[in-house]
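Only one structure is covered here, and it is reproduced in the block below.
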Amino acid sequence: MQQNLESLVCCIVPAARSHERLKQDLISHCHDILSSHLGRSHQPDIGHISVLIKRHLQQTSPSGASSLKFTNLLSRLLDQSVLSKKHASILFLQTLASSPQPTATTSLLPSIAIPPPSREIPTPTNETSSWLSKNKSKADILRGYRRDHGMGNSHISESLVLRDTLYLLQGISGKYLRFVSQEDPSPQEYVIFLDGMDSLISSPTKALIHRLSEIGYLYTRVEAFIRMIEQSLCHHLQTQLTEYYRLIAVLESQMSMIQSTEIGNGEVHQSREEGTGLTLRRLDVWMNDWRLRMRMMSICVEGARDTQGGALVNLIHGYTDNGDPFVKKFTNRLLEEVSKPFFVTLHRWLFSGELNDPFSEFFVAIDAAPGQAQDRHLFPNIENGGHLSGDGGFGGLSGDGEDILGTRGGLRSWETKYHFQKDMLPMFVGEPFGKKIFSTGKSLNFIRYSCHDSDWVITREKMSNTGGTLQYSDIAGLERSIDAAYQVASQRLFEVFIEKFKLLDHLQALKNYLMLGHGDFADQLMDALGPNLARPANTLYRHNLTATLETAIRSSNAQNDPPDVLRRLDARMLEYSHGEMGWDVFTLEYKVDAPIDTILDPQSMEKYLKLFKHLWQMKRVEGALNKGWMRMTGGGRSFLRIPEMEFEWHQIRILTAEMIHFIRQMQAYCHLEVIECSWKILVDFLNAREGDLDSLIDAHRAYLDRMVKKVLLRSQKVGKEDAILSQVHELFAVILQFREATDNFYNHCLSEASRRDQRRDAARGVYTGADEEQQPQTAEALLTRLKAYGATFSDRAQTIVQYLQVHPDLDCRFLGIRLSFSDFYKTRKEPQAQLQPQKSR
């Protein structure tokens, strides 16, 4: 085609053979004409031509004989199958008949202006006789007229300007008018005029051309970006441009009805019907509506360059509050079309839990980082290792305590698989409802692919019946559908966790075992493991601990718990260093798997282990004090044989009772005021079954954080959060040391009583064994140690009470009151404060 165009240009314009730039401009102009839509939509309409011919015949022959004869001939012509171009033949004949005297044909556009009045040609005077001579041509007469009246250069014909204007409306430069090459021209610089043409076009005509060229410029912007934006917006814009093409075709048909006649100097003058012909002013009126449309479409196209999806919907939605009725109507219609894909994606996410968003236009996005997360909905059995257990939700438990999801636990899958994009949320939805939509879809996806709920189809049917079709024109119905779907999905999620996966049983097991809620089980385990845990940690073996745990379960009421709960309970040792004892590394472990690990995540299980370690140490201290107290009270008769030791034993019993009071108040505070109260709040929330999975996770975290804060006596001071807890642990160590020293002193007293019995027997002449001399410094050393431990305990307890009395938590302050309900430690501190100044003197 390029070679044909070059040969055609060189043949018609010989100057282009030597002028390369002129040849390229003409070839470019030919390409623009070939790509134009003008004339393409002009379809042969024999009926319309026949009507025009009949009207012409009726005006020339009122009798109607000519019209009847034409109808007969036309019918005979249409019956001839040999002729292929019947419409062209009739059109040619009609053009010939109309050329001498233009006939009044009916326009495709209604008349929008009153026909101008006919102008009377003035009678020539003597002054004009010079240029009206019969010997001169018409061109010479016209030039003489312009010269005599001072017109200067002649103006270009409006028909030629109108033709170029129609090209401009399609974004194509014409023969006399061309688009500027600037990126963003000002409103008065859309087109430029060729050299020498500026003076041939009047100022009013140039103003009309500038107004009309804005539409063509906006058209080029819309057409240039139409393939870069969303498919729905592209479809709507393409529909609008199709209507625009139809209007251009109608305008082009008006141009085809203007007959041309040659006037001198090779110029072509097109005479048109003054009543209904197309002019630049009438073209401007007809294109005024499209000017506003093109502006709106151009704004949308420019906005689509940097935005997509919900952000683009927000951009268009921002124009719905415009006061102009046309802008508001056009925006609503455009928004209705553009939001259809959004509502299709929303419907699938809201009622099926599936995200079908290949172009990332929805306000819910999937986390593409973990590769396995993308394929879970395609291969759901991957989550369970390819098999399910009897209840359909749990797989086998690994020996090292890792869940079946490997490195990606249930909580991480719930929190990171999908994320909420606020900037993509349409404004007519709102953030609260957007959060509900996000939670509802996540819940359905979790129920279907993580929980493997076989009844999720029933849940989807219930949700689908809650609302009708989601669309932009029914925002109130959309909100009702969102609320109803949110409630159904949340209710089903609670049912799956509580009824199918027995969440309450698992939480109860953690409370009974890791927080020592089963008192008989804790006592049996303490008695069975006590001797083993007193040995170094490197001498313990896990299978021995596991066997001891099973023995403690069988010998307590824990044996009545569900088997699924008991098989998750295990005993293991933490990492230990040289010199640590079994008490320092022993811990109980409760194994969880998907989907329970969404709530009982690894961070939560670490907090449970911290609570167990603290409560287990407290239980150890309590057991040691109980055994020591029973031993002291049982050996009272032996102590009476040593009267000089009675006062020391009385002081030891007082100090032991003080320690027992401290430990039991701590235990009562932890179990009754903290654990049980927090458990009541959690159970009430589970029974209410309100909220979504995030609410359930938050409720469990609040339950666990409350226990950690209160049981471990956490402080809000930065860097001193565990100051009270460290004091308590040091006090526990002092109690155990005091207990060991008490046993040593008890054994010493028994030895002394036995030695004195031997002396009495020897005085009576009965030999019961060799008399061993007792070292007097041994008793003194033991009593010194006991007094030191007692003083250290009192100081530690007094410090703890002081910390608790100023603690910001009300329950912790009440614990301080219970530990010193009679201001025991306060009254003890005052004498010590009075003695210190005396010692300093």
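Chains: A, B, ... in order of the structure tokens. Residues: from 1 per chain. Ligands: from 1, in order shown.
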
Compile the contact shell of Asp523 (chain A) as a list in words: residues with an atom at most 10 Å away, counting only C-alpha atoms, same-chain residues fewer than 6 positions apart removed. Leu516, Leu529, Ala552, Ser556, Lys619, Arg620 and Gly623 of chain A

Using only C-alpha atoms, which protein or nucleic acid residues come within 12 Å of Gly790 (chain A)? Drop anything in the same chain fewer than 5 positions from it, and give the result as a list in words.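 Close residues of Gly790 (chain A): Gln651, Ile652, Arg653, Ile654, Leu655, Thr656, Ala657, Glu658, Met659, Leu731, Val734, Ile735, Leu736, Gln737, Phe738, Arg739, Ala741, Thr742, Leu783, Thr784, Arg785, Asp795, Arg796 and Ala797 of chain A.
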
Same residues, N, CA and C atoms, output as an mmCIF file, in the first residue's frame:
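This went into result.cif:
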data_model
loop_
_atom_site.group_PDB
_atom_site.id
_atom_site.type_symbol
_atom_site.label_atom_id
_atom_site.label_comp_id
_atom_site.auth_asym_id
_atom_site.auth_seq_id
_atom_site.Cartn_x
_atom_site.Cartn_y
_atom_site.Cartn_z
ATOM 1 N N GLN A 651 9.697 -21.060 117.192
ATOM 2 C CA GLN A 651 9.975 -20.028 116.202
ATOM 3 C C GLN A 651 9.949 -20.588 114.771
ATOM 4 N N ILE A 652 10.447 -21.806 114.628
ATOM 5 C CA ILE A 652 10.416 -22.436 113.291
ATOM 6 C C ILE A 652 8.986 -22.675 112.840
ATOM 7 N N ARG A 653 8.126 -23.152 113.731
ATOM 8 C CA ARG A 653 6.722 -23.388 113.366
ATOM 9 C C ARG A 653 6.022 -22.080 113.002
ATOM 10 N N ILE A 654 6.327 -20.994 113.723
ATOM 11 C CA ILE A 654 5.723 -19.695 113.389
ATOM 12 C C ILE A 654 6.158 -19.238 111.990
ATOM 13 N N LEU A 655 7.436 -19.370 111.727
ATOM 14 C CA LEU A 655 7.931 -18.958 110.418
ATOM 15 C C LEU A 655 7.386 -19.849 109.307
ATOM 16 N N THR A 656 7.256 -21.154 109.562
ATOM 17 C CA THR A 656 6.683 -22.058 108.556
ATOM 18 C C THR A 656 5.227 -21.721 108.286
ATOM 19 N N ALA A 657 4.477 -21.417 109.330
ATOM 20 C CA ALA A 657 3.075 -21.018 109.154
ATOM 21 C C ALA A 657 2.981 -19.719 108.337
ATOM 22 N N GLU A 658 3.920 -18.805 108.563
ATOM 23 C CA GLU A 658 3.928 -17.562 107.780
ATOM 24 C C GLU A 658 4.174 -17.853 106.289
ATOM 25 N N MET A 659 5.089 -18.794 106.033
ATOM 26 C CA MET A 659 5.344 -19.166 104.638
ATOM 27 C C MET A 659 4.153 -19.862 104.015
ATOM 28 N N LEU A 731 12.021 -15.480 96.582
ATOM 29 C CA LEU A 731 11.385 -15.894 97.844
ATOM 30 C C LEU A 731 11.120 -17.399 97.849
ATOM 31 N N VAL A 734 14.248 -19.076 98.733
ATOM 32 C CA VAL A 734 14.538 -18.956 100.168
ATOM 33 C C VAL A 734 13.703 -19.962 100.957
ATOM 34 N N ILE A 735 12.436 -20.145 100.557
ATOM 35 C CA ILE A 735 11.572 -21.096 101.267
ATOM 36 C C ILE A 735 12.131 -22.512 101.137
ATOM 37 N N LEU A 736 12.578 -22.886 99.933
ATOM 38 C CA LEU A 736 13.131 -24.230 99.750
ATOM 39 C C LEU A 736 14.419 -24.407 100.545
ATOM 40 N N GLN A 737 15.229 -23.378 100.604
ATOM 41 C CA GLN A 737 16.442 -23.463 101.433
ATOM 42 C C GLN A 737 16.087 -23.570 102.914
ATOM 43 N N PHE A 738 15.091 -22.819 103.343
ATOM 44 C CA PHE A 738 14.644 -22.913 104.742
ATOM 45 C C PHE A 738 14.108 -24.313 105.027
ATOM 46 N N ARG A 739 13.381 -24.858 104.032
ATOM 47 C CA ARG A 739 12.829 -26.206 104.213
ATOM 48 C C ARG A 739 13.953 -27.236 104.338
ATOM 49 N N ALA A 741 17.019 -26.613 105.450
ATOM 50 C CA ALA A 741 17.667 -26.393 106.749
ATOM 51 C C ALA A 741 16.807 -26.933 107.885
ATOM 52 N N THR A 742 15.485 -26.838 107.752
ATOM 53 C CA THR A 742 14.592 -27.390 108.768
ATOM 54 C C THR A 742 14.745 -28.900 108.858
ATOM 55 N N LEU A 783 20.875 -23.415 113.572
ATOM 56 C CA LEU A 783 19.977 -22.359 114.037
ATOM 57 C C LEU A 783 20.321 -21.011 113.389
ATOM 58 N N THR A 784 21.617 -20.776 113.180
ATOM 59 C CA THR A 784 22.012 -19.533 112.518
ATOM 60 C C THR A 784 21.481 -19.477 111.088
ATOM 61 N N ARG A 785 21.593 -20.605 110.389
ATOM 62 C CA ARG A 785 21.062 -20.662 109.023
ATOM 63 C C ARG A 785 19.556 -20.454 109.004
ATOM 64 N N ASP A 795 12.084 -10.176 104.803
ATOM 65 C CA ASP A 795 12.433 -8.999 104.001
ATOM 66 C C ASP A 795 11.857 -9.094 102.585
ATOM 67 N N ARG A 796 11.976 -10.287 101.974
ATOM 68 C CA ARG A 796 11.439 -10.454 100.621
ATOM 69 C C ARG A 796 9.922 -10.282 100.610
ATOM 70 N N ALA A 797 9.270 -10.903 101.572
ATOM 71 C CA ALA A 797 7.812 -10.788 101.629
ATOM 72 C C ALA A 797 7.393 -9.348 101.861
#

So that each row is one residue of region 538-577 of chain A with an atom at most 12 Å from region 602-618 of chain A, can you give its shortest atom pair and the distance in Å to one decimal, using only C-alpha atoms, rows by chain and rising number, as a Markdown table?
| residue | atom | partner | partner_atom | distance |
| --- | --- | --- | --- | --- |
| A:Ala571 | CA | A:Leu609 | CA | 11.8 |
| A:Arg572 | CA | A:Leu609 | CA | 11.7 |
| A:Met573 | CA | A:Leu609 | CA | 11.9 |
| A:Leu574 | CA | A:Leu609 | CA | 10.8 |

Nearest-residue call for Lys329 (chain A), choices A:Asp140, A:Leu292, A:Leu696, A:Lys417, using only C-alpha atoms: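 For Lys329 (chain A), the nearest of the candidates is A:Leu292.
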
Selection near region 673-680 of chain A, 12 Å with only C-alpha atoms, sequence-local residues under 4 positions removed, as a PyMOL selection string: chain A and resi 504+507-508+510-512+514-517+608+611+615+665-669+684-687+699-713+809-812+814-815

So, counting only C-alpha atoms, which residue among A:Leu444, A:Leu588, A:Met427, A:Val250 is closest to Arg542 (chain A)? A:Leu588

When distances are computed from only C-alpha atoms, which of A:Leu34, A:Phe351, A:Glu648, A:Leu218 shows the smallest separation from Lys787 (chain A)?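 For Lys787 (chain A), the nearest of the candidates is A:Glu648.
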
Excluding same-chain residues fewer than 6 positions from Thr551 (chain A), what lies within 9 Å of it counting only C-alpha atoms, as JSON, numbers by chain? {"A": [524, 525, 528]}

Those selected residues, please, written with N, CA, C and O atoms and delivered as a PDB file, in the first residue's frame.
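Saved to result32.pdb:
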ATOM      1  N   GLN A 524      -0.858 -35.893  92.344  1.00  0.00           N
ATOM      2  CA  GLN A 524      -0.312 -37.187  91.931  1.00  0.00           C
ATOM      3  C   GLN A 524       0.947 -37.014  91.093  1.00  0.00           C
ATOM      4  O   GLN A 524       1.922 -37.742  91.267  1.00  0.00           O
ATOM      5  N   LEU A 525       0.912 -36.033  90.183  1.00  0.00           N
ATOM      6  CA  LEU A 525       2.087 -35.810  89.349  1.00  0.00           C
ATOM      7  C   LEU A 525       3.262 -35.300  90.185  1.00  0.00           C
ATOM      8  O   LEU A 525       4.411 -35.701  89.958  1.00  0.00           O
ATOM      9  N   ALA A 528       4.683 -38.249  92.158  1.00  0.00           N
ATOM     10  CA  ALA A 528       5.359 -39.251  91.331  1.00  0.00           C
ATOM     11  C   ALA A 528       6.650 -38.723  90.737  1.00  0.00           C
ATOM     12  O   ALA A 528       7.635 -39.473  90.610  1.00  0.00           O
TER      13      ALA A 528
END

Using only C-alpha atoms, which protein or nucleic acid residues come within 12 Å of Leu57 (chain A)? Drop anything in the same chain fewer than 2 positions from it, and give the result as a list in words.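 So, after excluding close chain neighbours, the residues are Ser50, Val51, Leu52, Ile53, Lys54, Arg55, Gln59, Thr60, Ser61, Pro62, Ser63, Gly64, Ala65, Ser66, Ser67, Leu68, Lys69, Phe70, Thr71, Gln94, Ala97, Ser98, Thr103, Ala104 and Thr105 of chain A.
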
Taking into account only C-alpha atoms, which residue in the set A:Asp367, A:Asp45, A:Glu6, A:Asp564 is nearest to Leu26 (chain A)? A:Glu6

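CA of Leu233 (chain A) lies 28.5 Å from CA of Ser439 (chain A).
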
Among region 456-678 of chain A, which ones does DSSP place in strand (DSSP E), written as an MDAnalysis selection string? chainID A and resid 569:573 586:590

To one decimal place, how far is CA of Lys175 (chain A) from CA of Ala207 (chain A) in Å? 18.2 Å
